[in-house]
Amino acid sequence: MKKCLGKVPGLAVILVGQRRDSLTYVHNKIIACEEVGMKSVVTELPTDCADADVQNAVMRFNKDPSIHGILVQLPLPQHLDEEKILDALCLEKDVDGFHPLNMGNLALRGREPLFTPCTPKACIELLIRSGVQIMGKKAARHHATVTIVHAFTENPEQITSEADIVVSAAGVPSLVRGNWIKSGATVIDVGTSPVEDPSCEDGYRLVGDVCFEEVIKVASVITPVPGGVGPMTVTMLLVNTLDSAKRMLNFT
Ligand SMILES: Nc1nc(=O)c2c([nH]1)NC[C@@H]1CN(c3ccc(C(=O)N[C@@H](CCC(=O)O)C(=O)O)cc3)C=[N+]21
């Protein structure tokens, strides 16, 4: 293994506005960088800034050799043009995996994207680390049979109750009930809905899509919210940033 002494992977986060949940996520990402010895920089812009302000921040980081990953925290305020802003981000630093070329390569057979999006990557990592077999199962990707349930699907519980692996990312608290799940299934909760809770430090807490108390009685494996997919998503962001730094520094 080649040595790369003194080189530190760097992550840049651009945060527009003051959404409480975004502030929490960005904070968690910064703490995670500190824990593993990565550099992190946050650029905070006011809610009423212009597309050009965000694009300029992106372009500054594109040119900065100490930065190997750039993340524009989403959602952006309504008046901003998300597409235009994300298009400014150079492909090689797109640690979110949102660049059309990374997305396209992910979807096309036999092609390797430079980065894959952190949350789906986190779900796969959780399955692998927990020893859940994906191949041949009814679920999502990795040679499984995938069925997508969305807001207009009729009788979604009929589909989910046949699934070996259920991944819910609807943003609807208590959507997935005990009777939606087959006995022994694996349930991954990607939902992150902030709900008011005066007893919490920040005045709110995060809840997932899954009715945890019901589903835990039926499922064999389940991820909680908080403490499930969220922290693993942050971890995958660090993995992508590290991979990017290795690539840019010719370090294998
Ligand atoms: N460009 C972009 N990339 C993202 O990856 C991205 C984004 N925008 N916008 C929002 C979603 C959501 N997301 C989370 C990150 C961390 C936690 C997380 O750390 N959750 C902890 C703690 C929650 C808490 O402290 O309240 C947990 O679930 O245990 C959750 C959700 C990344 N996202």
# chains A, B, ... in the order shown; residues from 1 in each chain; ligands from 1
$ select_by_dssp --residues "stretch 67-252 of chain A" --states "helix (DSSP H, G or I)" --output "short mmCIF file (atom, residue, chain, number, x, y, z; two decimals) with all heavy atoms, in the first residue's frame"
data_model
loop_
_atom_site.label_atom_id
_atom_site.label_comp_id
_atom_site.auth_asym_id
_atom_site.auth_seq_id
_atom_site.Cartn_x
_atom_site.Cartn_y
_atom_site.Cartn_z
N GLU A 82 -32.61 23.99 -7.99
CA GLU A 82 -31.79 22.85 -7.55
C GLU A 82 -30.96 22.26 -8.69
O GLU A 82 -29.77 21.97 -8.53
CB GLU A 82 -32.70 21.78 -6.93
CG GLU A 82 -31.94 20.58 -6.40
CD GLU A 82 -32.87 19.51 -5.83
OE1 GLU A 82 -33.71 19.84 -4.96
OE2 GLU A 82 -32.77 18.36 -6.26
N GLU A 83 -31.58 22.10 -9.84
CA GLU A 83 -30.90 21.48 -10.98
C GLU A 83 -29.68 22.29 -11.40
O GLU A 83 -28.58 21.76 -11.58
CB GLU A 83 -31.89 21.37 -12.14
CG GLU A 83 -31.33 20.61 -13.32
CD GLU A 83 -32.36 20.48 -14.44
OE1 GLU A 83 -33.57 20.33 -14.14
OE2 GLU A 83 -31.95 20.53 -15.61
N LYS A 84 -29.89 23.60 -11.52
CA LYS A 84 -28.81 24.50 -11.94
C LYS A 84 -27.65 24.45 -10.93
O LYS A 84 -26.49 24.44 -11.31
CB LYS A 84 -29.36 25.94 -12.05
CG LYS A 84 -28.86 26.70 -13.23
CD LYS A 84 -29.78 27.86 -13.60
CE LYS A 84 -29.52 29.11 -12.79
NZ LYS A 84 -30.48 30.20 -13.11
N ILE A 85 -28.01 24.41 -9.65
CA ILE A 85 -26.99 24.42 -8.60
C ILE A 85 -26.20 23.11 -8.58
O ILE A 85 -24.98 23.10 -8.55
CB ILE A 85 -27.63 24.74 -7.24
CG1 ILE A 85 -28.06 26.21 -7.21
CG2 ILE A 85 -26.68 24.42 -6.10
CD1 ILE A 85 -29.03 26.57 -6.12
N LEU A 86 -26.92 21.98 -8.64
CA LEU A 86 -26.23 20.69 -8.60
C LEU A 86 -25.38 20.47 -9.85
O LEU A 86 -24.36 19.79 -9.81
CB LEU A 86 -27.22 19.54 -8.41
CG LEU A 86 -27.95 19.50 -7.05
CD1 LEU A 86 -28.83 18.26 -6.96
CD2 LEU A 86 -26.98 19.54 -5.88
N ASP A 87 -25.80 21.08 -10.97
CA ASP A 87 -25.02 20.96 -12.21
C ASP A 87 -23.67 21.66 -12.12
O ASP A 87 -22.76 21.35 -12.89
CB ASP A 87 -25.81 21.52 -13.41
CG ASP A 87 -26.82 20.52 -13.93
OD1 ASP A 87 -26.79 19.36 -13.47
OD2 ASP A 87 -27.63 20.89 -14.79
N LEU A 91 -18.13 16.47 -11.17
CA LEU A 91 -18.42 15.04 -11.10
C LEU A 91 -17.53 14.31 -10.09
O LEU A 91 -18.00 13.47 -9.33
CB LEU A 91 -18.21 14.47 -12.51
CG LEU A 91 -18.37 12.99 -12.75
CD1 LEU A 91 -19.84 12.62 -12.61
CD2 LEU A 91 -17.86 12.64 -14.14
N GLU A 92 -16.26 14.69 -10.05
CA GLU A 92 -15.27 13.99 -9.22
C GLU A 92 -15.46 14.26 -7.73
O GLU A 92 -14.86 13.58 -6.91
CB GLU A 92 -13.85 14.41 -9.63
CG GLU A 92 -13.41 13.90 -10.98
CD GLU A 92 -14.00 14.71 -12.13
OE1 GLU A 92 -14.53 15.83 -11.88
OE2 GLU A 92 -13.96 14.22 -13.27
N LYS A 93 -16.25 15.27 -7.37
CA LYS A 93 -16.45 15.60 -5.95
C LYS A 93 -17.89 15.38 -5.49
O LYS A 93 -18.29 15.79 -4.41
CB LYS A 93 -16.02 17.06 -5.68
CG LYS A 93 -14.55 17.31 -5.98
CD LYS A 93 -14.06 18.66 -5.51
CE LYS A 93 -12.58 18.84 -5.85
NZ LYS A 93 -12.03 20.12 -5.33
N PRO A 100 -25.96 13.67 -12.80
CA PRO A 100 -26.63 12.80 -13.78
C PRO A 100 -25.74 11.68 -14.31
O PRO A 100 -26.24 10.57 -14.57
CB PRO A 100 -27.00 13.77 -14.91
CG PRO A 100 -27.07 15.11 -14.28
CD PRO A 100 -26.10 15.10 -13.12
N LEU A 101 -24.45 11.94 -14.47
CA LEU A 101 -23.56 10.90 -14.98
C LEU A 101 -23.37 9.79 -13.95
O LEU A 101 -23.33 8.60 -14.30
CB LEU A 101 -22.21 11.52 -15.35
CG LEU A 101 -21.44 10.79 -16.45
CD1 LEU A 101 -22.23 10.71 -17.74
CD2 LEU A 101 -20.11 11.49 -16.70
N ASN A 102 -23.27 10.14 -12.67
CA ASN A 102 -23.17 9.13 -11.62
C ASN A 102 -24.47 8.34 -11.51
O ASN A 102 -24.46 7.11 -11.37
CB ASN A 102 -22.81 9.77 -10.28
CG ASN A 102 -21.33 10.07 -10.16
OD1 ASN A 102 -20.49 9.32 -10.69
ND2 ASN A 102 -20.99 11.16 -9.50
N MET A 103 -25.60 9.05 -11.59
CA MET A 103 -26.91 8.40 -11.56
C MET A 103 -27.07 7.44 -12.74
O MET A 103 -27.51 6.31 -12.59
CB MET A 103 -28.02 9.46 -11.64
CG MET A 103 -28.31 10.12 -10.34
SD MET A 103 -29.18 8.97 -9.27
CE MET A 103 -29.44 10.01 -7.86
N GLY A 104 -26.69 7.93 -13.93
CA GLY A 104 -26.83 7.13 -15.16
C GLY A 104 -25.97 5.89 -15.10
O GLY A 104 -26.42 4.78 -15.42
N ASN A 105 -24.74 6.04 -14.67
CA ASN A 105 -23.83 4.89 -14.59
C ASN A 105 -24.29 3.88 -13.55
O ASN A 105 -24.05 2.68 -13.69
CB ASN A 105 -22.41 5.36 -14.30
CG ASN A 105 -21.74 5.92 -15.52
OD1 ASN A 105 -22.11 5.62 -16.65
ND2 ASN A 105 -20.75 6.78 -15.32
N LEU A 106 -24.95 4.38 -12.51
CA LEU A 106 -25.49 3.48 -11.49
C LEU A 106 -26.61 2.61 -12.09
O LEU A 106 -26.72 1.43 -11.79
CB LEU A 106 -26.04 4.30 -10.31
CG LEU A 106 -26.74 3.54 -9.18
CD1 LEU A 106 -25.76 2.62 -8.46
CD2 LEU A 106 -27.35 4.51 -8.19
N ALA A 107 -27.41 3.23 -12.97
CA ALA A 107 -28.57 2.53 -13.53
C ALA A 107 -28.18 1.59 -14.67
O ALA A 107 -28.88 0.62 -14.96
CB ALA A 107 -29.61 3.54 -14.01
N CYS A 118 -25.69 8.08 -0.71
CA CYS A 118 -25.34 7.58 0.64
C CYS A 118 -26.45 6.78 1.32
O CYS A 118 -26.16 5.79 2.01
CB CYS A 118 -24.94 8.75 1.53
SG CYS A 118 -23.62 9.73 0.82
N THR A 119 -27.70 7.18 1.18
CA THR A 119 -28.76 6.48 1.91
C THR A 119 -29.03 5.08 1.36
O THR A 119 -29.05 4.11 2.14
CB THR A 119 -30.05 7.34 1.99
OG1 THR A 119 -29.73 8.56 2.66
CG2 THR A 119 -31.14 6.63 2.75
N PRO A 120 -29.19 4.91 0.03
CA PRO A 120 -29.31 3.54 -0.49
C PRO A 120 -28.09 2.68 -0.17
O PRO A 120 -28.22 1.50 0.18
CB PRO A 120 -29.46 3.74 -2.00
CG PRO A 120 -29.90 5.14 -2.18
CD PRO A 120 -29.37 5.92 -1.02
N LYS A 121 -26.92 3.30 -0.28
CA LYS A 121 -25.67 2.58 0.05
C LYS A 121 -25.70 2.14 1.52
O LYS A 121 -25.26 1.04 1.85
CB LYS A 121 -24.50 3.54 -0.20
CG LYS A 121 -23.12 2.94 -0.25
CD LYS A 121 -22.12 4.08 -0.54
CE LYS A 121 -20.67 3.70 -0.32
NZ LYS A 121 -20.06 3.18 -1.55
N ALA A 122 -26.26 3.00 2.38
CA ALA A 122 -26.37 2.68 3.81
C ALA A 122 -27.30 1.48 4.02
O ALA A 122 -27.01 0.60 4.84
CB ALA A 122 -26.89 3.89 4.58
N CYS A 123 -28.40 1.43 3.28
CA CYS A 123 -29.36 0.32 3.42
C CYS A 123 -28.70 -1.00 3.04
O CYS A 123 -28.86 -2.00 3.75
CB CYS A 123 -30.59 0.56 2.54
SG CYS A 123 -31.54 2.00 3.02
N ILE A 124 -27.96 -0.99 1.93
CA ILE A 124 -27.27 -2.20 1.48
C ILE A 124 -26.23 -2.62 2.52
O ILE A 124 -26.13 -3.80 2.88
CB ILE A 124 -26.60 -1.97 0.10
CG1 ILE A 124 -27.65 -1.65 -0.97
CG2 ILE A 124 -25.74 -3.17 -0.29
CD1 ILE A 124 -28.53 -2.79 -1.39
N GLU A 125 -25.49 -1.65 3.02
CA GLU A 125 -24.44 -1.94 4.01
C GLU A 125 -25.05 -2.57 5.27
O GLU A 125 -24.51 -3.52 5.82
CB GLU A 125 -23.72 -0.62 4.35
CG GLU A 125 -22.52 -0.78 5.25
CD GLU A 125 -21.34 -1.49 4.61
OE1 GLU A 125 -21.25 -1.53 3.37
OE2 GLU A 125 -20.51 -2.04 5.37
N LEU A 126 -26.20 -2.03 5.71
CA LEU A 126 -26.87 -2.58 6.89
C LEU A 126 -27.29 -4.03 6.65
O LEU A 126 -27.11 -4.89 7.53
CB LEU A 126 -28.11 -1.74 7.25
CG LEU A 126 -27.83 -0.37 7.89
CD1 LEU A 126 -29.08 0.50 7.86
CD2 LEU A 126 -27.33 -0.53 9.32
N LEU A 127 -27.82 -4.31 5.44
CA LEU A 127 -28.23 -5.68 5.12
C LEU A 127 -27.03 -6.61 5.12
O LEU A 127 -27.07 -7.69 5.73
CB LEU A 127 -28.92 -5.72 3.74
CG LEU A 127 -30.30 -5.06 3.65
CD1 LEU A 127 -30.75 -4.99 2.20
CD2 LEU A 127 -31.31 -5.83 4.49
N ILE A 128 -25.96 -6.18 4.46
CA ILE A 128 -24.77 -7.04 4.36
C ILE A 128 -24.20 -7.30 5.75
O ILE A 128 -23.92 -8.45 6.12
CB ILE A 128 -23.72 -6.39 3.43
CG1 ILE A 128 -24.23 -6.38 1.99
CG2 ILE A 128 -22.38 -7.14 3.52
CD1 ILE A 128 -23.39 -5.58 1.01
N ARG A 129 -24.04 -6.24 6.54
CA ARG A 129 -23.43 -6.40 7.87
C ARG A 129 -24.29 -7.25 8.80
O ARG A 129 -23.79 -7.86 9.73
CB ARG A 129 -23.22 -5.03 8.53
CG ARG A 129 -22.11 -4.24 7.90
CD ARG A 129 -21.66 -3.14 8.83
NE ARG A 129 -20.90 -2.14 8.12
CZ ARG A 129 -20.37 -1.07 8.70
NH1 ARG A 129 -20.56 -0.85 9.99
NH2 ARG A 129 -19.68 -0.21 8.00
N PRO A 156 -51.17 -1.16 -0.70
CA PRO A 156 -49.73 -1.37 -0.55
C PRO A 156 -49.40 -2.50 0.43
O PRO A 156 -48.43 -3.23 0.25
CB PRO A 156 -49.21 -0.03 -0.02
CG PRO A 156 -50.41 0.69 0.51
CD PRO A 156 -51.57 0.21 -0.32
N GLU A 157 -50.26 -2.67 1.44
CA GLU A 157 -49.97 -3.67 2.47
C GLU A 157 -49.98 -5.09 1.90
O GLU A 157 -49.31 -5.98 2.42
CB GLU A 157 -50.96 -3.56 3.64
CG GLU A 157 -52.42 -3.83 3.33
CD GLU A 157 -53.15 -2.64 2.70
OE1 GLU A 157 -52.49 -1.67 2.25
OE2 GLU A 157 -54.38 -2.69 2.63
N GLN A 158 -50.70 -5.28 0.78
CA GLN A 158 -50.72 -6.59 0.12
C GLN A 158 -49.34 -6.93 -0.42
O GLN A 158 -48.87 -8.06 -0.31
CB GLN A 158 -51.71 -6.53 -1.05
CG GLN A 158 -52.57 -7.75 -1.18
CD GLN A 158 -53.70 -7.47 -2.17
OE1 GLN A 158 -54.09 -6.32 -2.40
NE2 GLN A 158 -54.20 -8.51 -2.79
N ILE A 159 -48.69 -5.91 -1.00
CA ILE A 159 -47.36 -6.11 -1.58
C ILE A 159 -46.32 -6.26 -0.48
O ILE A 159 -45.51 -7.19 -0.49
CB ILE A 159 -47.01 -4.95 -2.53
CG1 ILE A 159 -47.97 -4.96 -3.73
CG2 ILE A 159 -45.56 -5.05 -3.00
CD1 ILE A 159 -47.94 -3.71 -4.56
N THR A 160 -46.37 -5.35 0.51
CA THR A 160 -45.33 -5.39 1.55
C THR A 160 -45.43 -6.67 2.38
O THR A 160 -44.42 -7.19 2.84
CB THR A 160 -45.43 -4.19 2.51
OG1 THR A 160 -46.73 -4.16 3.10
CG2 THR A 160 -45.18 -2.88 1.78
N GLY A 178 -47.92 -3.35 11.76
CA GLY A 178 -47.56 -4.75 11.98
C GLY A 178 -48.13 -5.68 10.92
O GLY A 178 -47.44 -6.59 10.43
N ASN A 179 -49.37 -5.45 10.51
CA ASN A 179 -50.02 -6.35 9.54
C ASN A 179 -49.55 -6.12 8.10
O ASN A 179 -50.02 -6.78 7.18
CB ASN A 179 -51.55 -6.25 9.65
CG ASN A 179 -52.07 -4.88 9.30
OD1 ASN A 179 -51.30 -3.95 9.05
ND2 ASN A 179 -53.39 -4.73 9.30
N TRP A 180 -48.64 -5.18 7.90
CA TRP A 180 -48.06 -4.95 6.56
C TRP A 180 -46.87 -5.87 6.32
O TRP A 180 -46.34 -5.94 5.22
CB TRP A 180 -47.55 -3.51 6.43
CG TRP A 180 -48.59 -2.47 6.19
CD1 TRP A 180 -49.82 -2.37 6.77
CD2 TRP A 180 -48.47 -1.35 5.30
NE1 TRP A 180 -50.48 -1.27 6.29
CE2 TRP A 180 -49.67 -0.63 5.40
CE3 TRP A 180 -47.46 -0.90 4.45
CZ2 TRP A 180 -49.90 0.53 4.66
CZ3 TRP A 180 -47.70 0.26 3.72
CH2 TRP A 180 -48.90 0.96 3.83
N PHE A 212 -42.88 1.08 15.02
CA PHE A 212 -41.83 0.20 15.54
C PHE A 212 -42.35 -0.85 16.52
O PHE A 212 -42.02 -2.02 16.42
CB PHE A 212 -40.72 1.06 16.19
CG PHE A 212 -39.47 0.31 16.50
CD1 PHE A 212 -38.50 0.09 15.52
CD2 PHE A 212 -39.25 -0.19 17.77
CE1 PHE A 212 -37.33 -0.60 15.81
CE2 PHE A 212 -38.07 -0.89 18.07
CZ PHE A 212 -37.13 -1.09 17.09
N GLU A 213 -43.20 -0.41 17.46
CA GLU A 213 -43.69 -1.32 18.52
C GLU A 213 -44.46 -2.50 17.91
O GLU A 213 -44.41 -3.62 18.42
CB GLU A 213 -44.60 -0.60 19.52
CG GLU A 213 -44.06 0.69 20.09
CD GLU A 213 -44.02 1.83 19.08
OE1 GLU A 213 -45.00 1.97 18.31
OE2 GLU A 213 -42.99 2.54 19.01
N GLU A 214 -45.20 -2.22 16.82
CA GLU A 214 -45.96 -3.30 16.17
C GLU A 214 -45.07 -4.19 15.33
O GLU A 214 -45.14 -5.42 15.39
CB GLU A 214 -47.05 -2.70 15.26
CG GLU A 214 -48.24 -2.13 16.00
CD GLU A 214 -49.30 -1.61 15.04
OE1 GLU A 214 -49.33 -2.01 13.84
OE2 GLU A 214 -50.11 -0.78 15.49
N VAL A 215 -44.22 -3.54 14.52
CA VAL A 215 -43.45 -4.27 13.51
C VAL A 215 -42.35 -5.12 14.15
O VAL A 215 -42.05 -6.21 13.66
CB VAL A 215 -42.91 -3.31 12.43
CG1 VAL A 215 -41.97 -4.04 11.48
CG2 VAL A 215 -44.07 -2.68 11.67
N VAL A 229 -30.73 3.98 9.90
CA VAL A 229 -30.19 4.37 8.59
C VAL A 229 -29.44 5.71 8.65
O VAL A 229 -28.42 5.88 7.97
CB VAL A 229 -31.32 4.43 7.53
CG1 VAL A 229 -30.81 4.94 6.20
CG2 VAL A 229 -31.96 3.06 7.35
N GLY A 230 -29.91 6.66 9.47
CA GLY A 230 -29.30 8.00 9.53
C GLY A 230 -27.80 7.97 9.79
O GLY A 230 -27.02 8.46 8.97
N PRO A 231 -27.39 7.39 10.92
CA PRO A 231 -25.95 7.34 11.19
C PRO A 231 -25.16 6.58 10.13
O PRO A 231 -24.02 6.94 9.82
CB PRO A 231 -25.87 6.61 12.54
CG PRO A 231 -27.21 6.82 13.17
CD PRO A 231 -28.19 6.90 12.05
N MET A 232 -25.77 5.53 9.54
CA MET A 232 -25.06 4.78 8.49
C MET A 232 -24.94 5.63 7.22
O MET A 232 -23.95 5.53 6.48
CB MET A 232 -25.77 3.46 8.21
CG MET A 232 -25.00 2.55 7.26
SD MET A 232 -23.37 2.09 7.87
CE MET A 232 -23.71 0.51 8.61
N THR A 233 -25.95 6.48 6.96
CA THR A 233 -25.88 7.39 5.81
C THR A 233 -24.69 8.33 5.97
O THR A 233 -23.93 8.56 5.02
CB THR A 233 -27.19 8.21 5.70
OG1 THR A 233 -28.26 7.32 5.42
CG2 THR A 233 -27.11 9.25 4.58
N VAL A 234 -24.52 8.86 7.17
CA VAL A 234 -23.39 9.74 7.44
C VAL A 234 -22.07 8.98 7.22
O VAL A 234 -21.13 9.48 6.62
CB VAL A 234 -23.47 10.31 8.88
CG1 VAL A 234 -22.24 11.13 9.20
CG2 VAL A 234 -24.74 11.14 9.05
N THR A 235 -22.04 7.73 7.69
CA THR A 235 -20.85 6.90 7.52
C THR A 235 -20.52 6.70 6.04
O THR A 235 -19.36 6.79 5.63
CB THR A 235 -21.05 5.53 8.21
OG1 THR A 235 -21.44 5.77 9.56
CG2 THR A 235 -19.79 4.70 8.18
N MET A 236 -21.55 6.46 5.23
CA MET A 236 -21.33 6.25 3.80
C MET A 236 -20.84 7.52 3.11
O MET A 236 -20.08 7.47 2.14
CB MET A 236 -22.61 5.72 3.12
CG MET A 236 -22.99 4.33 3.57
SD MET A 236 -21.69 3.11 3.28
CE MET A 236 -21.22 2.71 4.94
N LEU A 237 -21.26 8.66 3.63
CA LEU A 237 -20.77 9.94 3.11
C LEU A 237 -19.26 10.05 3.36
O LEU A 237 -18.50 10.48 2.49
CB LEU A 237 -21.51 11.09 3.80
CG LEU A 237 -21.04 12.50 3.44
CD1 LEU A 237 -21.32 12.81 1.98
CD2 LEU A 237 -21.71 13.53 4.35
N LEU A 238 -18.83 9.60 4.53
CA LEU A 238 -17.39 9.61 4.84
C LEU A 238 -16.65 8.62 3.94
O LEU A 238 -15.56 8.91 3.45
CB LEU A 238 -17.16 9.27 6.32
CG LEU A 238 -17.82 10.18 7.36
CD1 LEU A 238 -17.33 9.80 8.76
CD2 LEU A 238 -17.54 11.64 7.11
N VAL A 239 -17.27 7.46 3.71
CA VAL A 239 -16.65 6.46 2.81
C VAL A 239 -16.47 7.06 1.41
O VAL A 239 -15.40 6.96 0.81
CB VAL A 239 -17.51 5.17 2.74
CG1 VAL A 239 -17.04 4.25 1.61
CG2 VAL A 239 -17.50 4.43 4.06
N ASN A 240 -17.51 7.71 0.90
CA ASN A 240 -17.43 8.32 -0.43
C ASN A 240 -16.35 9.40 -0.47
O ASN A 240 -15.62 9.52 -1.45
CB ASN A 240 -18.78 8.91 -0.84
CG ASN A 240 -19.74 7.85 -1.37
OD1 ASN A 240 -19.37 6.69 -1.54
ND2 ASN A 240 -20.99 8.24 -1.61
N THR A 241 -16.26 10.18 0.61
CA THR A 241 -15.26 11.25 0.66
C THR A 241 -13.84 10.66 0.70
O THR A 241 -12.93 11.14 0.02
CB THR A 241 -15.50 12.16 1.89
OG1 THR A 241 -16.86 12.62 1.85
CG2 THR A 241 -14.57 13.36 1.88
N LEU A 242 -13.69 9.61 1.48
CA LEU A 242 -12.39 8.93 1.55
C LEU A 242 -12.00 8.34 0.19
O LEU A 242 -10.87 8.51 -0.27
CB LEU A 242 -12.42 7.84 2.63
CG LEU A 242 -11.16 7.00 2.80
CD1 LEU A 242 -9.98 7.86 3.23
CD2 LEU A 242 -11.39 5.88 3.82
N ASP A 243 -12.96 7.67 -0.45
CA ASP A 243 -12.69 7.09 -1.78
C ASP A 243 -12.28 8.18 -2.76
O ASP A 243 -11.37 8.00 -3.58
CB ASP A 243 -13.95 6.39 -2.33
CG ASP A 243 -14.21 5.06 -1.64
OD1 ASP A 243 -13.30 4.59 -0.92
OD2 ASP A 243 -15.32 4.51 -1.83
N SER A 244 -12.97 9.31 -2.68
CA SER A 244 -12.68 10.42 -3.57
C SER A 244 -11.27 10.95 -3.35
O SER A 244 -10.52 11.20 -4.30
CB SER A 244 -13.70 11.53 -3.35
OG SER A 244 -13.45 12.60 -4.19
N ALA A 245 -10.92 11.10 -2.07
CA ALA A 245 -9.57 11.60 -1.73
C ALA A 245 -8.51 10.63 -2.24
O ALA A 245 -7.51 11.04 -2.82
CB ALA A 245 -9.46 11.78 -0.22
N LYS A 246 -8.75 9.33 -2.06
CA LYS A 246 -7.79 8.32 -2.54
C LYS A 246 -7.60 8.45 -4.05
O LYS A 246 -6.49 8.40 -4.56
CB LYS A 246 -8.30 6.92 -2.24
CG LYS A 246 -8.17 6.49 -0.79
CD LYS A 246 -8.73 5.08 -0.71
CE LYS A 246 -8.68 4.51 0.69
NZ LYS A 246 -9.41 3.22 0.73
N ARG A 247 -8.74 8.62 -4.75
CA ARG A 247 -8.69 8.72 -6.20
C ARG A 247 -7.90 9.96 -6.62
O ARG A 247 -7.06 9.90 -7.50
CB ARG A 247 -10.14 8.79 -6.72
CG ARG A 247 -10.30 8.41 -8.14
CD ARG A 247 -11.69 7.89 -8.49
NE ARG A 247 -12.78 8.53 -7.77
CZ ARG A 247 -13.83 7.86 -7.30
NH1 ARG A 247 -13.92 6.56 -7.47
NH2 ARG A 247 -14.79 8.49 -6.67
N MET A 248 -8.19 11.08 -5.97
CA MET A 248 -7.55 12.33 -6.38
C MET A 248 -6.07 12.37 -6.03
O MET A 248 -5.29 13.04 -6.68
CB MET A 248 -8.25 13.51 -5.74
CG MET A 248 -9.57 13.78 -6.39
SD MET A 248 -10.30 15.27 -5.73
CE MET A 248 -11.96 15.05 -6.33
#
$ residues_near_ligand --ligand "ligand 1" --cutoff "8 Å" --atoms "only C-alpha atoms and all ligand atoms" --output "mmCIF file with C-alpha atoms, in the first residue's frame"
data_model
loop_
_atom_site.group_PDB
_atom_site.id
_atom_site.type_symbol
_atom_site.label_atom_id
_atom_site.label_comp_id
_atom_site.auth_asym_id
_atom_site.auth_seq_id
_atom_site.Cartn_x
_atom_site.Cartn_y
_atom_site.Cartn_z
ATOM 1 C CA ASP A 21 -33.547 19.111 10.556
ATOM 2 C CA SER A 22 -30.902 20.184 8.013
ATOM 3 C CA THR A 24 -29.004 18.611 12.775
ATOM 4 C CA TYR A 25 -27.888 16.467 9.827
ATOM 5 C CA VAL A 26 -25.085 18.847 8.884
ATOM 6 C CA ASN A 28 -23.879 15.149 12.616
ATOM 7 C CA LYS A 29 -21.775 15.064 9.451
ATOM 8 C CA LEU A 71 -22.488 18.246 -0.583
ATOM 9 C CA VAL A 72 -25.297 20.739 -1.080
ATOM 10 C CA GLN A 73 -27.727 20.014 1.737
ATOM 11 C CA LEU A 74 -31.228 19.398 0.370
ATOM 12 C CA PRO A 75 -33.984 20.519 0.266
ATOM 13 C CA ASP A 96 -23.895 12.493 -2.818
ATOM 14 C CA PRO A 117 -25.985 7.891 -3.105
ATOM 15 C CA CYS A 118 -25.339 7.577 0.637
ATOM 16 C CA THR A 119 -28.762 6.483 1.914
ATOM 17 C CA THR A 192 -37.130 10.949 8.827
ATOM 18 C CA ARG A 205 -37.580 14.638 17.356
ATOM 19 C CA LEU A 206 -37.222 12.431 14.313
ATOM 20 C CA PRO A 224 -34.925 2.048 14.478
ATOM 21 C CA VAL A 225 -35.260 5.816 13.961
ATOM 22 C CA PRO A 226 -33.169 7.466 15.261
ATOM 23 C CA GLY A 227 -30.107 5.224 15.392
ATOM 24 C CA GLY A 228 -30.630 3.251 12.182
ATOM 25 C CA VAL A 229 -30.189 4.366 8.591
ATOM 26 C CA GLY A 230 -29.301 7.998 9.533
ATOM 27 C CA PRO A 231 -25.954 7.342 11.191
ATOM 28 C CA MET A 232 -25.058 4.782 8.489
ATOM 29 C CA THR A 233 -25.884 7.389 5.811
ATOM 30 C CA VAL A 234 -23.386 9.742 7.441
ATOM 31 C CA LEU A 237 -20.766 9.937 3.110
#
$ select_by_dssp --residues "stretch 1-236 of chain A" --states "strand (DSSP E)" --output "PyMOL selection string"
chain A and resi 10-16+39-45+69-72+138-139+145-146+165-168+186-189+193-196+204-207+221-222
$ closest_residue --among "A:Ile165, A:Ile31, A:Leu89, A:Cys49" --to "A:Leu76" --atoms "only C-alpha atoms"
A:Cys49
$ residues_around --residues "A:Lys63" --least-positions-apart "5" --cutoff "12 Å" --atoms "only C-alpha atoms" --output "ChimeraX atom specification"
/A:12,56-58,68-70,88-90,92-93
$ closest_residue --among "A:Val16, A:Ala185, A:Cys211, A:Val95" --to "A:Val172" --atoms "only C-alpha atoms"
A:Cys211
